[in-house]
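Scroll down for the structure; my scribbles are underneath it.
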Amino acid sequence: MNFLDYFPESYVSDYYREIHPDLHHMSEEELYQHFIQFGREEGRQSSPFLPRRDLSALLNTPIPILEIGPLCNPLATGPHVRYFDLLSSQEIHDWTKQQQISPVKIPETIHYHSKEGDLGIVDAQFALVISSHCLEHQTDLIAHLQHVERILSDGGCYLLYVPDKRYCFDHFLPVSTLIQVVAAHLDQQHLHTAEHLLNHRLLTTHNDPVRHWQGDHGQNVLHMEHLKEMLMQWRAHKQNALDIHAWQFTPQTLTIILQQLQVLSFNHLRIARLFHTLRNSFEFFVVLQK
């Protein structure tokens, strides 16, 4: 089974022309150049495939699937699905009560759970691994990708939903670099750094993608009360893992980092599909294949 058959290309010229009337007059080459130079940045849809809407056929296929970080809203369900999370099922129930969230979708069983997010405890292989807004939380991005590669069967795919830092609360933070990613791995980083927490507490803004696409990014002002709160959290962090973003990506910067990690032989997961961020949304979708 070739899992990529479920995913059309992220750019389909006939579709791109059809749904954008202002492009009807363009040739094939003009269309593609428009997409590369303007369409992606404008958030134009360029493929009939929409991951949040159209993945159901693949996820319902009775093949071994591991979902990372389902919490109380898993993407995949069924007897063929296994789950990995920071929390056990009971701990997720307790968390939803605290957050006053409906517990209806909580998986009955979290098959693998590690408070440190250690995928090393997963002792099986899967045809598909999926995660939604988990990649940016990993303290050691390279170790995470290496673990996923280990548990994927040959030809298997890792499907990722990733927030685009330009259109979420990370807007004012700089994009992550290859040097930072490699350094975190060489340092065997397993907890968030003080810099991660400072960025999260002091430099983040609102999380409304529509406002960001309209150019309204909010204000980035340092408040002393926020700094005091951050210092208290950092002291607690010495004994407890924090659930914050370690990395900030755009589709283009993540593509470059993943390609560079391959060149450096840190992993062998190739980018098979990349669906850019659509207008008024704040996430993009990546398919990596082993």
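Every chain in the structure tokens takes a letter, A first, then B, and so on in the order presented; its residues are numbered from 1, and the ligands are numbered from 1 following the presented order.
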Do you know which residues are at most 6 Å from range 160-170 of chain A counting only C-alpha atoms, after dropping those on the same chain fewer than 4 positions away, and could you put them as a ChimeraX atom specification?
/A:130-133,204-207,209,212,248-250,282-286
Counting only C-alpha atoms, the residue among A:Met224, A:Leu50, A:Leu59, A:Met230 that lies closest to Cys157 in chain A is A:Leu59
Among the residues A:Trp247, A:His147, A:Thr193, A:Ala183, the one that comes closest to Cys134 in chain A [using only C-alpha atoms]:
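Checking each of A:Trp247, A:His147, A:Thr193, A:Ala183 against Cys134 in chain A, counting only C-alpha atoms, the winner is A:Trp247.
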If DSSP is run on the backbone, what residues of range 84-134 of chain A are strand (DSSP E)? A reply as a ChimeraX atom specification would be ideal.
/A:84-85,112-113,126-132
Within 7 Å of Leu71 in chain A, counting only C-alpha atoms, which residues qualify if same-chain residues fewer than 4 places away don't, as a PyMOL selection string?
chain A and resi 85+92+106
Dump N, CA, C and O atoms for the selected residues as a PDB file, in the first residue's frame?
ATOM      1  N   ASP A  85       0.862   9.705  24.870  1.00  0.00           N
ATOM      2  CA  ASP A  85       0.630  11.049  25.423  1.00  0.00           C
ATOM      3  C   ASP A  85       1.492  11.250  26.661  1.00  0.00           C
ATOM      4  O   ASP A  85       2.065  10.287  27.205  1.00  0.00           O
ATOM      5  N   ILE A  92      -5.824  12.587  31.903  1.00  0.00           N
ATOM      6  CA  ILE A  92      -6.497  13.445  30.932  1.00  0.00           C
ATOM      7  C   ILE A  92      -7.908  13.773  31.403  1.00  0.00           C
ATOM      8  O   ILE A  92      -8.373  14.915  31.275  1.00  0.00           O
ATOM      9  N   ILE A 106     -12.112  11.572  24.928  1.00  0.00           N
ATOM     10  CA  ILE A 106     -10.885  11.036  25.515  1.00  0.00           C
ATOM     11  C   ILE A 106     -10.755   9.549  25.182  1.00  0.00           C
ATOM     12  O   ILE A 106     -11.695   8.778  25.382  1.00  0.00           O
TER      13      ILE A 106
END
